[in-house]
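Q: Provided below: final-v5.pdb, containing PDB, C-alpha atoms, pLDDT in the B column.
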MODEL        1
ATOM      1  CA  MET A   1      -8.269   9.783   7.927  1.00 66.00           C
ATOM      2  CA  ASN A   2      -9.497   6.214   8.223  1.00 92.00           C
ATOM      3  CA  LEU A   3      -7.497   3.357   6.687  1.00 96.00           C
ATOM      4  CA  ASP A   4     -10.652   1.184   6.576  1.00 97.00           C
ATOM      5  CA  HIS A   5     -12.332   3.642   4.222  1.00 97.00           C
ATOM      6  CA  THR A   6      -9.139   4.211   2.235  1.00 97.00           C
ATOM      7  CA  PHE A   7      -8.569   0.500   1.579  1.00 98.00           C
ATOM      8  CA  ALA A   8     -12.278  -0.064   0.830  1.00 98.00           C
ATOM      9  CA  ALA A   9     -12.264   2.803  -1.675  1.00 98.00           C
ATOM     10  CA  LEU A  10      -9.217   1.324  -3.426  1.00 98.00           C
ATOM     11  CA  ALA A  11     -10.882  -2.105  -3.805  1.00 98.00           C
ATOM     12  CA  ASP A  12     -12.183  -1.159  -7.245  1.00 97.00           C
ATOM     13  CA  PRO A  13     -10.212  -1.030 -10.525  1.00 96.00           C
ATOM     14  CA  ILE A  14     -11.852   2.182 -11.803  1.00 97.00           C
ATOM     15  CA  ARG A  15     -11.274   3.990  -8.497  1.00 98.00           C
ATOM     16  CA  ARG A  16      -7.618   2.871  -8.450  1.00 98.00           C
ATOM     17  CA  ALA A  17      -7.253   4.090 -12.055  1.00 97.00           C
ATOM     18  CA  ILE A  18      -8.784   7.454 -11.072  1.00 97.00           C
ATOM     19  CA  VAL A  19      -6.340   7.755  -8.151  1.00 97.00           C
ATOM     20  CA  SER A  20      -3.405   6.883 -10.475  1.00 96.00           C
ATOM     21  CA  ARG A  21      -4.597   9.483 -12.987  1.00 96.00           C
ATOM     22  CA  LEU A  22      -4.928  12.166 -10.275  1.00 96.00           C
ATOM     23  CA  ALA A  23      -1.445  11.340  -8.972  1.00 95.00           C
ATOM     24  CA  ALA A  24      -0.151  12.779 -12.257  1.00 93.00           C
ATOM     25  CA  GLY A  25      -2.251  15.964 -11.945  1.00 93.00           C
ATOM     26  CA  ASP A  26      -5.696  17.417 -11.204  1.00 94.00           C
ATOM     27  CA  ALA A  27      -8.514  16.560 -13.595  1.00 94.00           C
ATOM     28  CA  THR A  28     -12.187  17.285 -14.181  1.00 93.00           C
ATOM     29  CA  VAL A  29     -14.924  14.621 -14.089  1.00 92.00           C
ATOM     30  CA  LEU A  30     -15.056  14.681 -17.903  1.00 92.00           C
ATOM     31  CA  GLU A  31     -11.304  14.127 -18.172  1.00 94.00           C
ATOM     32  CA  LEU A  32     -11.453  11.326 -15.611  1.00 94.00           C
ATOM     33  CA  ALA A  33     -14.376   9.622 -17.359  1.00 94.00           C
ATOM     34  CA  GLU A  34     -12.737   9.724 -20.805  1.00 93.00           C
ATOM     35  CA  PRO A  35     -10.716   6.452 -20.683  1.00 92.00           C
ATOM     36  CA  PHE A  36     -13.585   4.401 -19.228  1.00 92.00           C
ATOM     37  CA  ASP A  37     -16.591   2.856 -20.891  1.00 91.00           C
ATOM     38  CA  VAL A  38     -18.903   3.917 -18.052  1.00 91.00           C
ATOM     39  CA  SER A  39     -21.484   6.666 -17.678  1.00 92.00           C
ATOM     40  CA  LEU A  40     -20.711  10.053 -16.124  1.00 92.00           C
ATOM     41  CA  PRO A  41     -23.067   9.348 -13.178  1.00 93.00           C
ATOM     42  CA  ALA A  42     -21.111   6.135 -12.500  1.00 95.00           C
ATOM     43  CA  ILE A  43     -17.832   8.102 -12.471  1.00 95.00           C
ATOM     44  CA  SER A  44     -19.436  10.708 -10.178  1.00 94.00           C
ATOM     45  CA  LYS A  45     -20.415   7.917  -7.797  1.00 96.00           C
ATOM     46  CA  HIS A  46     -16.835   6.610  -7.735  1.00 97.00           C
ATOM     47  CA  LEU A  47     -15.594  10.146  -7.054  1.00 96.00           C
ATOM     48  CA  LYS A  48     -17.993  10.446  -4.129  1.00 96.00           C
ATOM     49  CA  VAL A  49     -16.614   7.218  -2.625  1.00 97.00           C
ATOM     50  CA  LEU A  50     -13.044   8.494  -3.063  1.00 97.00           C
ATOM     51  CA  GLU A  51     -13.994  11.874  -1.561  1.00 96.00           C
ATOM     52  CA  ARG A  52     -15.704  10.311   1.462  1.00 96.00           C
ATOM     53  CA  ALA A  53     -12.616   8.111   1.978  1.00 96.00           C
ATOM     54  CA  GLY A  54     -10.487  11.273   2.040  1.00 96.00           C
ATOM     55  CA  LEU A  55      -8.500  10.202  -1.032  1.00 97.00           C
ATOM     56  CA  ILE A  56      -9.538  13.163  -3.181  1.00 97.00           C
ATOM     57  CA  THR A  57     -10.855  16.695  -2.800  1.00 96.00           C
ATOM     58  CA  ARG A  58     -12.961  18.595  -5.311  1.00 93.00           C
ATOM     59  CA  GLY A  59     -12.558  22.243  -6.294  1.00 88.00           C
ATOM     60  CA  LYS A  60     -15.249  24.809  -5.545  1.00 82.00           C
ATOM     61  CA  ASP A  61     -15.554  26.042  -9.152  1.00 76.00           C
ATOM     62  CA  ALA A  62     -19.174  24.953  -9.754  1.00 71.00           C
ATOM     63  CA  GLN A  63     -18.663  24.275 -13.474  1.00 75.00           C
ATOM     64  CA  ARG A  64     -15.407  22.341 -13.530  1.00 78.00           C
ATOM     65  CA  ARG A  65     -15.005  21.079  -9.934  1.00 85.00           C
ATOM     66  CA  PRO A  66     -11.497  19.746 -10.648  1.00 92.00           C
ATOM     67  CA  CYS A  67     -10.473  16.721  -8.551  1.00 95.00           C
ATOM     68  CA  SER A  68      -7.174  16.573  -6.658  1.00 95.00           C
ATOM     69  CA  LEU A  69      -5.521  13.651  -4.948  1.00 96.00           C
ATOM     70  CA  ARG A  70      -4.917  13.984  -1.203  1.00 95.00           C
ATOM     71  CA  GLY A  71      -1.320  12.870  -0.839  1.00 92.00           C
ATOM     72  CA  GLU A  72      -1.603  12.167   2.895  1.00 93.00           C
ATOM     73  CA  SER A  73      -4.238   9.445   2.399  1.00 93.00           C
ATOM     74  CA  LEU A  74      -2.089   7.725  -0.181  1.00 94.00           C
ATOM     75  CA  SER A  75       0.914   8.067   2.153  1.00 95.00           C
ATOM     76  CA  ALA A  76      -1.009   6.301   4.927  1.00 95.00           C
ATOM     77  CA  VAL A  77      -1.541   3.286   2.645  1.00 95.00           C
ATOM     78  CA  VAL A  78       2.112   3.295   1.520  1.00 95.00           C
ATOM     79  CA  GLU A  79       3.229   3.532   5.145  1.00 96.00           C
ATOM     80  CA  TRP A  80       1.098   0.624   6.349  1.00 96.00           C
ATOM     81  CA  ALA A  81       2.054  -1.611   3.400  1.00 95.00           C
ATOM     82  CA  GLU A  82       5.792  -0.794   3.562  1.00 95.00           C
ATOM     83  CA  HIS A  83       5.905  -1.243   7.338  1.00 95.00           C
ATOM     84  CA  THR A  84       4.249  -4.661   7.069  1.00 96.00           C
ATOM     85  CA  GLN A  85       6.514  -5.707   4.207  1.00 95.00           C
ATOM     86  CA  ARG A  86       9.594  -4.660   6.190  1.00 94.00           C
ATOM     87  CA  ALA A  87       8.470  -6.912   9.084  1.00 94.00           C
ATOM     88  CA  TRP A  88       7.995  -9.730   6.558  1.00 93.00           C
ATOM     89  CA  GLU A  89      11.485  -9.250   5.094  1.00 92.00           C
ATOM     90  CA  GLU A  90      13.112  -8.945   8.521  1.00 91.00           C
ATOM     91  CA  ARG A  91      11.577 -12.267   9.396  1.00 85.00           C
ATOM     92  CA  PHE A  92      13.522 -13.917   6.562  1.00 82.00           C
ATOM     93  CA  ASP A  93      16.667 -12.010   7.485  1.00 83.00           C
ATOM     94  CA  ARG A  94      16.364 -13.438  11.011  1.00 83.00           C
ATOM     95  CA  LEU A  95      15.780 -16.922   9.580  1.00 82.00           C
ATOM     96  CA  ASP A  96      18.895 -16.465   7.425  1.00 83.00           C
ATOM     97  CA  VAL A  97      21.018 -15.463  10.432  1.00 86.00           C
ATOM     98  CA  HIS A  98      19.639 -18.419  12.395  1.00 84.00           C
ATOM     99  CA  LEU A  99      20.428 -20.892   9.595  1.00 87.00           C
ATOM    100  CA  ARG A 100      23.953 -19.510   9.183  1.00 89.00           C
ATOM    101  CA  GLU A 101      24.559 -19.836  12.945  1.00 90.00           C
ATOM    102  CA  MET A 102      23.314 -23.429  12.855  1.00 89.00           C
ATOM    103  CA  GLN A 103      25.627 -24.247   9.960  1.00 90.00           C
ATOM    104  CA  GLN A 104      28.599 -22.704  11.784  1.00 89.00           C
ATOM    105  CA  THR A 105      27.822 -24.690  14.942  1.00 90.00           C
ATOM    106  CA  GLN A 106      27.569 -27.901  12.921  1.00 88.00           C
ATOM    107  CA  ALA A 107      30.847 -27.155  11.133  1.00 88.00           C
ATOM    108  CA  GLN A 108      32.601 -26.526  14.460  1.00 88.00           C
ATOM    109  CA  GLU A 109      31.179 -29.698  15.982  1.00 89.00           C
ATOM    110  CA  LYS A 110      32.429 -31.656  12.982  1.00 87.00           C
ATOM    111  CA  LYS A 111      35.887 -30.055  13.301  1.00 86.00           C
ATOM    112  CA  HIS A 112      36.140 -30.933  17.006  1.00 85.00           C
ATOM    113  CA  GLY A 113      34.850 -34.425  16.362  1.00 78.00           C
ATOM    114  CA  ARG A 114      31.927 -33.978  18.728  1.00 62.00           C
ATOM    115  CA  LYS A 115      29.603 -35.628  16.245  1.00 51.00           C
ATOM    116  CA  LYS A 116      30.972 -39.044  17.201  1.00 52.00           C
ATOM    117  CA  GLN A 117      30.229 -38.668  20.906  1.00 49.00           C
TER     118      GLN A 117
ATOM    119  CA  MET B   1      -4.032 -12.502  -7.380  1.00 67.00           C
ATOM    120  CA  ASN B   2      -6.701  -9.811  -7.518  1.00 92.00           C
ATOM    121  CA  LEU B   3      -5.974  -6.346  -6.119  1.00 96.00           C
ATOM    122  CA  ASP B   4      -9.722  -5.716  -5.658  1.00 97.00           C
ATOM    123  CA  HIS B   5      -9.970  -8.611  -3.193  1.00 97.00           C
ATOM    124  CA  THR B   6      -6.665  -7.729  -1.533  1.00 97.00           C
ATOM    125  CA  PHE B   7      -7.668  -4.110  -0.859  1.00 98.00           C
ATOM    126  CA  ALA B   8     -11.171  -5.162   0.256  1.00 98.00           C
ATOM    127  CA  ALA B   9      -9.710  -7.699   2.699  1.00 98.00           C
ATOM    128  CA  LEU B  10      -7.430  -5.027   4.165  1.00 98.00           C
ATOM    129  CA  ALA B  11     -10.342  -2.616   4.776  1.00 98.00           C
ATOM    130  CA  ASP B  12     -10.794  -3.959   8.311  1.00 97.00           C
ATOM    131  CA  PRO B  13      -8.643  -3.173  11.379  1.00 96.00           C
ATOM    132  CA  ILE B  14      -8.649  -6.746  12.736  1.00 97.00           C
ATOM    133  CA  ARG B  15      -7.677  -8.208   9.356  1.00 98.00           C
ATOM    134  CA  ARG B  16      -4.861  -5.654   8.995  1.00 98.00           C
ATOM    135  CA  ALA B  17      -3.664  -6.524  12.513  1.00 97.00           C
ATOM    136  CA  ILE B  18      -3.716 -10.243  11.618  1.00 97.00           C
ATOM    137  CA  VAL B  19      -1.665  -9.540   8.477  1.00 97.00           C
ATOM    138  CA  SER B  20       0.822  -7.466  10.514  1.00 96.00           C
ATOM    139  CA  ARG B  21       1.093 -10.273  13.074  1.00 96.00           C
ATOM    140  CA  LEU B  22       1.675 -12.890  10.363  1.00 96.00           C
ATOM    141  CA  ALA B  23       4.342 -10.704   8.750  1.00 95.00           C
ATOM    142  CA  ALA B  24       6.419 -11.393  11.885  1.00 93.00           C
ATOM    143  CA  GLY B  25       5.851 -15.165  11.698  1.00 93.00           C
ATOM    144  CA  ASP B  26       3.291 -17.958  11.238  1.00 94.00           C
ATOM    145  CA  ALA B  27       0.602 -18.328  13.914  1.00 94.00           C
ATOM    146  CA  THR B  28      -2.361 -20.523  14.810  1.00 93.00           C
ATOM    147  CA  VAL B  29      -5.946 -19.275  15.040  1.00 92.00           C
ATOM    148  CA  LEU B  30      -5.680 -19.302  18.851  1.00 92.00           C
ATOM    149  CA  GLU B  31      -2.512 -17.209  18.777  1.00 94.00           C
ATOM    150  CA  LEU B  32      -4.066 -14.793  16.298  1.00 94.00           C
ATOM    151  CA  ALA B  33      -7.254 -14.447  18.356  1.00 94.00           C
ATOM    152  CA  GLU B  34      -5.420 -13.763  21.601  1.00 93.00           C
ATOM    153  CA  PRO B  35      -4.977  -9.946  21.382  1.00 92.00           C
ATOM    154  CA  PHE B  36      -8.565  -9.324  20.235  1.00 92.00           C
ATOM    155  CA  ASP B  37     -11.769  -9.170  22.204  1.00 91.00           C
ATOM    156  CA  VAL B  38     -13.685 -11.162  19.588  1.00 91.00           C
ATOM    157  CA  SER B  39     -14.886 -14.758  19.397  1.00 92.00           C
ATOM    158  CA  LEU B  40     -12.898 -17.533  17.706  1.00 92.00           C
ATOM    159  CA  PRO B  41     -15.595 -17.953  15.016  1.00 93.00           C
ATOM    160  CA  ALA B  42     -15.264 -14.233  14.227  1.00 95.00           C
ATOM    161  CA  ILE B  43     -11.479 -14.630  13.835  1.00 95.00           C
ATOM    162  CA  SER B  44     -12.037 -17.705  11.649  1.00 94.00           C
ATOM    163  CA  LYS B  45     -14.328 -15.654   9.437  1.00 96.00           C
ATOM    164  CA  HIS B  46     -11.651 -12.958   9.079  1.00 97.00           C
ATOM    165  CA  LEU B  47      -9.099 -15.642   8.192  1.00 96.00           C
ATOM    166  CA  LYS B  48     -11.418 -16.989   5.490  1.00 96.00           C
ATOM    167  CA  VAL B  49     -11.672 -13.508   3.942  1.00 97.00           C
ATOM    168  CA  LEU B  50      -7.870 -13.159   4.015  1.00 97.00           C
ATOM    169  CA  GLU B  51      -7.433 -16.653   2.530  1.00 96.00           C
ATOM    170  CA  ARG B  52      -9.930 -15.999  -0.280  1.00 96.00           C
ATOM    171  CA  ALA B  53      -8.113 -12.722  -1.032  1.00 96.00           C
ATOM    172  CA  GLY B  54      -4.871 -14.687  -1.363  1.00 96.00           C
ATOM    173  CA  LEU B  55      -3.243 -12.825   1.530  1.00 97.00           C
ATOM    174  CA  ILE B  56      -2.714 -15.895   3.714  1.00 97.00           C
ATOM    175  CA  THR B  57      -2.443 -19.661   3.370  1.00 96.00           C
ATOM    176  CA  ARG B  58      -3.308 -22.226   6.030  1.00 93.00           C
ATOM    177  CA  GLY B  59      -1.314 -25.336   6.889  1.00 88.00           C
ATOM    178  CA  LYS B  60      -2.713 -28.819   6.353  1.00 82.00           C
ATOM    179  CA  ASP B  61      -2.144 -29.962   9.950  1.00 76.00           C
ATOM    180  CA  ALA B  62      -5.826 -30.485  10.912  1.00 72.00           C
ATOM    181  CA  GLN B  63      -5.302 -29.592  14.568  1.00 75.00           C
ATOM    182  CA  ARG B  64      -3.193 -26.470  14.357  1.00 79.00           C
ATOM    183  CA  ARG B  65      -3.671 -25.233  10.790  1.00 85.00           C
ATOM    184  CA  PRO B  66      -1.022 -22.536  11.191  1.00 92.00           C
ATOM    185  CA  CYS B  67      -1.556 -19.408   9.084  1.00 95.00           C
ATOM    186  CA  SER B  68       1.167 -17.919   6.886  1.00 95.00           C
ATOM    187  CA  LEU B  69       1.256 -14.600   5.073  1.00 96.00           C
ATOM    188  CA  ARG B  70       1.608 -14.731   1.279  1.00 95.00           C
ATOM    189  CA  GLY B  71       4.338 -12.215   0.599  1.00 92.00           C
ATOM    190  CA  GLU B  72       3.443 -11.763  -3.087  1.00 93.00           C
ATOM    191  CA  SER B  73      -0.044 -10.410  -2.285  1.00 93.00           C
ATOM    192  CA  LEU B  74       1.394  -7.886   0.121  1.00 94.00           C
ATOM    193  CA  SER B  75       4.032  -6.968  -2.479  1.00 95.00           C
ATOM    194  CA  ALA B  76       1.286  -6.241  -5.025  1.00 95.00           C
ATOM    195  CA  VAL B  77      -0.250  -3.682  -2.627  1.00 96.00           C
ATOM    196  CA  VAL B  78       3.148  -2.133  -1.849  1.00 95.00           C
ATOM    197  CA  GLU B  79       3.926  -1.942  -5.579  1.00 96.00           C
ATOM    198  CA  TRP B  80       0.655  -0.244  -6.515  1.00 96.00           C
ATOM    199  CA  ALA B  81       0.849   2.253  -3.620  1.00 95.00           C
ATOM    200  CA  GLU B  82       4.542   3.092  -4.149  1.00 95.00           C
ATOM    201  CA  HIS B  83       4.107   3.465  -7.914  1.00 95.00           C
ATOM    202  CA  THR B  84       1.178   5.861  -7.408  1.00 96.00           C
ATOM    203  CA  GLN B  85       3.054   7.836  -4.755  1.00 95.00           C
ATOM    204  CA  ARG B  86       6.088   8.158  -7.041  1.00 94.00           C
ATOM    205  CA  ALA B  87       3.857   9.646  -9.770  1.00 94.00           C
ATOM    206  CA  TRP B  88       2.459  12.054  -7.143  1.00 93.00           C
ATOM    207  CA  GLU B  89       5.949  13.122  -6.020  1.00 92.00           C
ATOM    208  CA  GLU B  90       7.235  13.479  -9.581  1.00 91.00           C
ATOM    209  CA  ARG B  91       4.365  15.826 -10.234  1.00 86.00           C
ATOM    210  CA  PHE B  92       5.671  18.188  -7.539  1.00 82.00           C
ATOM    211  CA  ASP B  93       9.236  17.774  -8.789  1.00 83.00           C
ATOM    212  CA  ARG B  94       8.047  18.904 -12.234  1.00 83.00           C
ATOM    213  CA  LEU B  95       6.185  21.821 -10.652  1.00 82.00           C
ATOM    214  CA  ASP B  96       9.377  22.745  -8.787  1.00 83.00           C
ATOM    215  CA  VAL B  97      11.460  22.713 -11.969  1.00 86.00           C
ATOM    216  CA  HIS B  98       8.804  24.791 -13.724  1.00 84.00           C
ATOM    217  CA  LEU B  99       8.722  27.401 -10.921  1.00 87.00           C
ATOM    218  CA  ARG B 100      12.523  27.612 -10.859  1.00 89.00           C
ATOM    219  CA  GLU B 101      12.621  28.135 -14.632  1.00 90.00           C
ATOM    220  CA  MET B 102      10.006  30.883 -14.329  1.00 89.00           C
ATOM    221  CA  GLN B 103      12.019  32.613 -11.600  1.00 90.00           C
ATOM    222  CA  GLN B 104      15.197  32.444 -13.711  1.00 88.00           C
ATOM    223  CA  THR B 105      13.408  33.890 -16.720  1.00 90.00           C
ATOM    224  CA  GLN B 106      12.018  36.731 -14.592  1.00 88.00           C
ATOM    225  CA  ALA B 107      15.447  37.406 -13.074  1.00 88.00           C
ATOM    226  CA  GLN B 108      17.040  37.549 -16.542  1.00 88.00           C
ATOM    227  CA  GLU B 109      14.320  39.831 -17.837  1.00 89.00           C
ATOM    228  CA  LYS B 110      14.908  42.150 -14.879  1.00 87.00           C
ATOM    229  CA  LYS B 111      18.672  42.107 -15.497  1.00 86.00           C
ATOM    230  CA  HIS B 112      18.259  43.018 -19.137  1.00 85.00           C
ATOM    231  CA  GLY B 113      15.680  45.651 -18.263  1.00 78.00           C
ATOM    232  CA  ARG B 114      13.045  44.084 -20.439  1.00 61.00           C
ATOM    233  CA  LYS B 115      10.479  44.637 -17.736  1.00 52.00           C
ATOM    234  CA  LYS B 116      10.216  48.300 -18.695  1.00 52.00           C
ATOM    235  CA  GLN B 117       9.333  47.627 -22.306  1.00 49.00           C
TER     236      GLN B 117
ENDMDL
END
Could the structure of this file be written out as structure tokens, please?

A:
Amino acid sequence: MNLDHTFAALADPIRRAIVSRLAAGDATVLELAEPFDVSLPAISKHLKVLERAGLITRGKDAQRRPCSLRGESLSAVVEWAEHTQRAWEERFDRLDVHLREMQQTQAQEKKHGRKKQ
Amino acid sequence: MNLDHTFAALADPIRRAIVSRLAAGDATVLELAEPFDVSLPAISKHLKVLERAGLITRGKDAQRRPCSLRGESLSAVVEWAEHTQRAWEERFDRLDVHLREMQQTQAQEKKHGRKKQ
């Protein structure tokens, strides 16, 4: 699994829509193409990109070749994004604690009249 | 905000590392370049991609131009990925319920001896 390929594959609205559709259940190329105003070869090309990125697998049944989402690739994206967002939120939590400490120190200084020194 | 640009910008290990670093706090180009074995112009180029994708903003201070993460762009990625993963998990929950119902039906049929009919 390679996050570079996963993110690159998801940088397209049709490919993200295909991934969302497959999250709800397996589907054939015809089923996947149905909501889009694009040709079947174009959909097949998108599927190839998703397959190479490890986001989907395709069944061996030569006629239908149903597509399935690979949960672990999606999980890797969720993990990276959530981890980074947690760091971002913790940063503000730390800032909050710091501001509260500063306010307390100021309040105490005021109480003890140190401000006038 | 455009998820296409956001995902495309994150399809690079150095750019993801820069985003992770900025999640912990603002940083200058020099600070961001430090852990990587790449030239400053290369880092600047990565920062331009991240800025165009709306993932970071840069300060106006001409000398330092500190970089900051834009939380809302990261949130959009988290939201899309979590939403899709939830659909994926719900699919297995539904499958679970379905299997349990099938097992109960079979058990009841066995109990009532319908299997022999």

Q: Using all atoms listed in the file and a distance of at most 10 Å, pull out the residues of chain A that contact chain B, as a PyMOL selection string.

A: chain A and resi 2-13+16-17+19-25+69-72+74-92

Q: Quick one: superpose chain A onto chain B using all C-alpha atoms paired in order, least squares, and give it to me as a CSV table (one decimal) with C-alpha atoms, keeping the file's coordinate frame.

A:
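Everything below was put into superposed21.csv:
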chain,number,residue,atom,x,y,z
A,1,MET,CA,-4.1,-12.5,-7.4
A,2,ASN,CA,-6.7,-9.7,-7.5
A,3,LEU,CA,-5.9,-6.3,-6.1
A,4,ASP,CA,-9.7,-5.6,-5.6
A,5,HIS,CA,-10.0,-8.5,-3.2
A,6,THR,CA,-6.6,-7.7,-1.5
A,7,PHE,CA,-7.6,-4.1,-0.8
A,8,ALA,CA,-11.1,-5.1,0.3
A,9,ALA,CA,-9.7,-7.7,2.7
A,10,LEU,CA,-7.4,-5.0,4.2
A,11,ALA,CA,-10.3,-2.6,4.8
A,12,ASP,CA,-10.8,-3.9,8.3
A,13,PRO,CA,-8.6,-3.2,11.4
A,14,ILE,CA,-8.6,-6.8,12.8
A,15,ARG,CA,-7.7,-8.2,9.4
A,16,ARG,CA,-4.8,-5.7,9.0
A,17,ALA,CA,-3.7,-6.6,12.6
A,18,ILE,CA,-3.7,-10.3,11.6
A,19,VAL,CA,-1.7,-9.6,8.5
A,20,SER,CA,0.8,-7.5,10.6
A,21,ARG,CA,1.1,-10.3,13.1
A,22,LEU,CA,1.7,-12.9,10.4
A,23,ALA,CA,4.3,-10.7,8.8
A,24,ALA,CA,6.4,-11.5,11.9
A,25,GLY,CA,5.8,-15.2,11.7
A,26,ASP,CA,3.3,-18.0,11.2
A,27,ALA,CA,0.6,-18.4,13.9
A,28,THR,CA,-2.4,-20.6,14.8
A,29,VAL,CA,-6.0,-19.3,15.0
A,30,LEU,CA,-5.7,-19.4,18.8
A,31,GLU,CA,-2.5,-17.3,18.7
A,32,LEU,CA,-4.1,-14.8,16.3
A,33,ALA,CA,-7.3,-14.5,18.3
A,34,GLU,CA,-5.4,-13.9,21.6
A,35,PRO,CA,-5.0,-10.0,21.4
A,36,PHE,CA,-8.6,-9.4,20.3
A,37,ASP,CA,-11.8,-9.2,22.2
A,38,VAL,CA,-13.7,-11.2,19.6
A,39,SER,CA,-14.9,-14.8,19.4
A,40,LEU,CA,-12.9,-17.6,17.7
A,41,PRO,CA,-15.6,-18.0,15.0
A,42,ALA,CA,-15.3,-14.2,14.2
A,43,ILE,CA,-11.5,-14.6,13.8
A,44,SER,CA,-12.1,-17.7,11.6
A,45,LYS,CA,-14.3,-15.6,9.4
A,46,HIS,CA,-11.7,-12.9,9.1
A,47,LEU,CA,-9.1,-15.6,8.2
A,48,LYS,CA,-11.4,-17.0,5.5
A,49,VAL,CA,-11.7,-13.5,3.9
A,50,LEU,CA,-7.9,-13.1,4.0
A,51,GLU,CA,-7.5,-16.6,2.5
A,52,ARG,CA,-9.9,-16.0,-0.3
A,53,ALA,CA,-8.1,-12.7,-1.0
A,54,GLY,CA,-4.9,-14.6,-1.4
A,55,LEU,CA,-3.3,-12.8,1.5
A,56,ILE,CA,-2.7,-15.9,3.7
A,57,THR,CA,-2.5,-19.7,3.3
A,58,ARG,CA,-3.4,-22.2,6.0
A,59,GLY,CA,-1.4,-25.4,6.8
A,60,LYS,CA,-2.8,-28.8,6.3
A,61,ASP,CA,-2.2,-30.0,9.8
A,62,ALA,CA,-5.9,-30.5,10.8
A,63,GLN,CA,-5.4,-29.7,14.5
A,64,ARG,CA,-3.2,-26.5,14.3
A,65,ARG,CA,-3.7,-25.3,10.7
A,66,PRO,CA,-1.1,-22.6,11.1
A,67,CYS,CA,-1.6,-19.4,9.0
A,68,SER,CA,1.1,-17.9,6.8
A,69,LEU,CA,1.3,-14.6,5.1
A,70,ARG,CA,1.6,-14.7,1.3
A,71,GLY,CA,4.3,-12.2,0.6
A,72,GLU,CA,3.4,-11.7,-3.1
A,73,SER,CA,0.0,-10.4,-2.2
A,74,LEU,CA,1.4,-7.9,0.2
A,75,SER,CA,4.1,-6.9,-2.4
A,76,ALA,CA,1.3,-6.2,-5.0
A,77,VAL,CA,-0.2,-3.7,-2.6
A,78,VAL,CA,3.2,-2.1,-1.8
A,79,GLU,CA,4.0,-1.9,-5.5
A,80,TRP,CA,0.7,-0.2,-6.4
A,81,ALA,CA,0.9,2.3,-3.5
A,82,GLU,CA,4.6,3.1,-4.0
A,83,HIS,CA,4.2,3.5,-7.8
A,84,THR,CA,1.3,5.9,-7.3
A,85,GLN,CA,3.1,7.9,-4.6
A,86,ARG,CA,6.2,8.2,-6.9
A,87,ALA,CA,3.9,9.7,-9.6
A,88,TRP,CA,2.6,12.1,-7.0
A,89,GLU,CA,6.1,13.2,-5.9
A,90,GLU,CA,7.3,13.5,-9.4
A,91,ARG,CA,4.5,15.9,-10.1
A,92,PHE,CA,5.8,18.2,-7.4
A,93,ASP,CA,9.4,17.8,-8.6
A,94,ARG,CA,8.2,18.9,-12.1
A,95,LEU,CA,6.3,21.9,-10.5
A,96,ASP,CA,9.5,22.8,-8.7
A,97,VAL,CA,11.6,22.7,-11.9
A,98,HIS,CA,8.9,24.8,-13.6
A,99,LEU,CA,8.8,27.4,-10.9
A,100,ARG,CA,12.6,27.7,-10.8
A,101,GLU,CA,12.7,28.1,-14.6
A,102,MET,CA,10.1,30.9,-14.3
A,103,GLN,CA,12.1,32.6,-11.6
A,104,GLN,CA,15.2,32.5,-13.7
A,105,THR,CA,13.4,33.9,-16.8
A,106,GLN,CA,12.0,36.7,-14.6
A,107,ALA,CA,15.5,37.5,-13.2
A,108,GLN,CA,17.0,37.6,-16.7
A,109,GLU,CA,14.2,39.8,-18.0
A,110,LYS,CA,14.8,42.2,-15.0
A,111,LYS,CA,18.6,42.2,-15.7
A,112,HIS,CA,18.1,43.0,-19.4
A,113,GLY,CA,15.5,45.7,-18.5
A,114,ARG,CA,12.9,44.0,-20.7
A,115,LYS,CA,10.3,44.5,-17.9
A,116,LYS,CA,10.0,48.2,-18.9
A,117,GLN,CA,9.2,47.5,-22.5

Q: Just give me the gap between CA of Val49 (chain A) and CA of Glu34 (chain A) in Å, one decimal is fine.

A: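 Atom-to-atom, CA of Val49 (chain A) and CA of Glu34 (chain A) are spaced 18.8 Å apart.
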
Q: Could you state which residues are captured by the PyMOL selection byres ((chain A and resi 54-64) around 7) in this file, as a tab-separated table (two decimals) with C-alpha atoms, keeping the file's coordinate frame?

A:
chain	number	residue	atom	x	y	z
A	1	MET	CA	-8.27	9.78	7.93
A	6	THR	CA	-9.14	4.21	2.24
A	28	THR	CA	-12.19	17.28	-14.18
A	50	LEU	CA	-13.04	8.49	-3.06
A	51	GLU	CA	-13.99	11.87	-1.56
A	52	ARG	CA	-15.70	10.31	1.46
A	53	ALA	CA	-12.62	8.11	1.98
A	65	ARG	CA	-15.00	21.08	-9.93
A	66	PRO	CA	-11.50	19.75	-10.65
A	67	CYS	CA	-10.47	16.72	-8.55
A	68	SER	CA	-7.17	16.57	-6.66
A	69	LEU	CA	-5.52	13.65	-4.95
A	70	ARG	CA	-4.92	13.98	-1.20
A	73	SER	CA	-4.24	9.44	2.40
A	74	LEU	CA	-2.09	7.72	-0.18

Q: One number please: CA of Leu47 (chain B) to CA of Pro35 (chain B), in Å, one decimal.

A: 14.9 Å

Q: When you draw a straight line from CA of Ala27 (chain B) to CA of Asp93 (chain A), how long is it in Å?

A: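 So the two atoms, CA of Ala27 (chain B) and CA of Asp93 (chain A), lie 18.4 Å apart.
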
Q: Please return the centre and edge lengths, in Å to one decimal, of a box with edges along x, y and z that contains all listed atoms of region 23-34 of chain B, widened by 4 Å on every side, as lines of an AutoDock Vina configuration file.

A:
center_x = -0.4
center_y = -15.6
center_z = 15.2
size_x = 21.7
size_y = 17.8
size_z = 20.9

Q: Give the answer as one residue: which of A:Ala107, A:Met102, A:Ile18, A:Leu95 has the shortest atom-to-atom distance to Leu30 (chain A), using all atoms listed in the file?

A: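 Looking only at the distances to Leu30 (chain A), the closest residue turns out to be A:Ile18.
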
Q: As a PyMOL selection string, please: the residues near Ala33 (chain A) (cut-off 7 Å, only C-alpha atoms, same-chain neighbours under 4 positions excluded).

A: chain A and resi 29+40+43
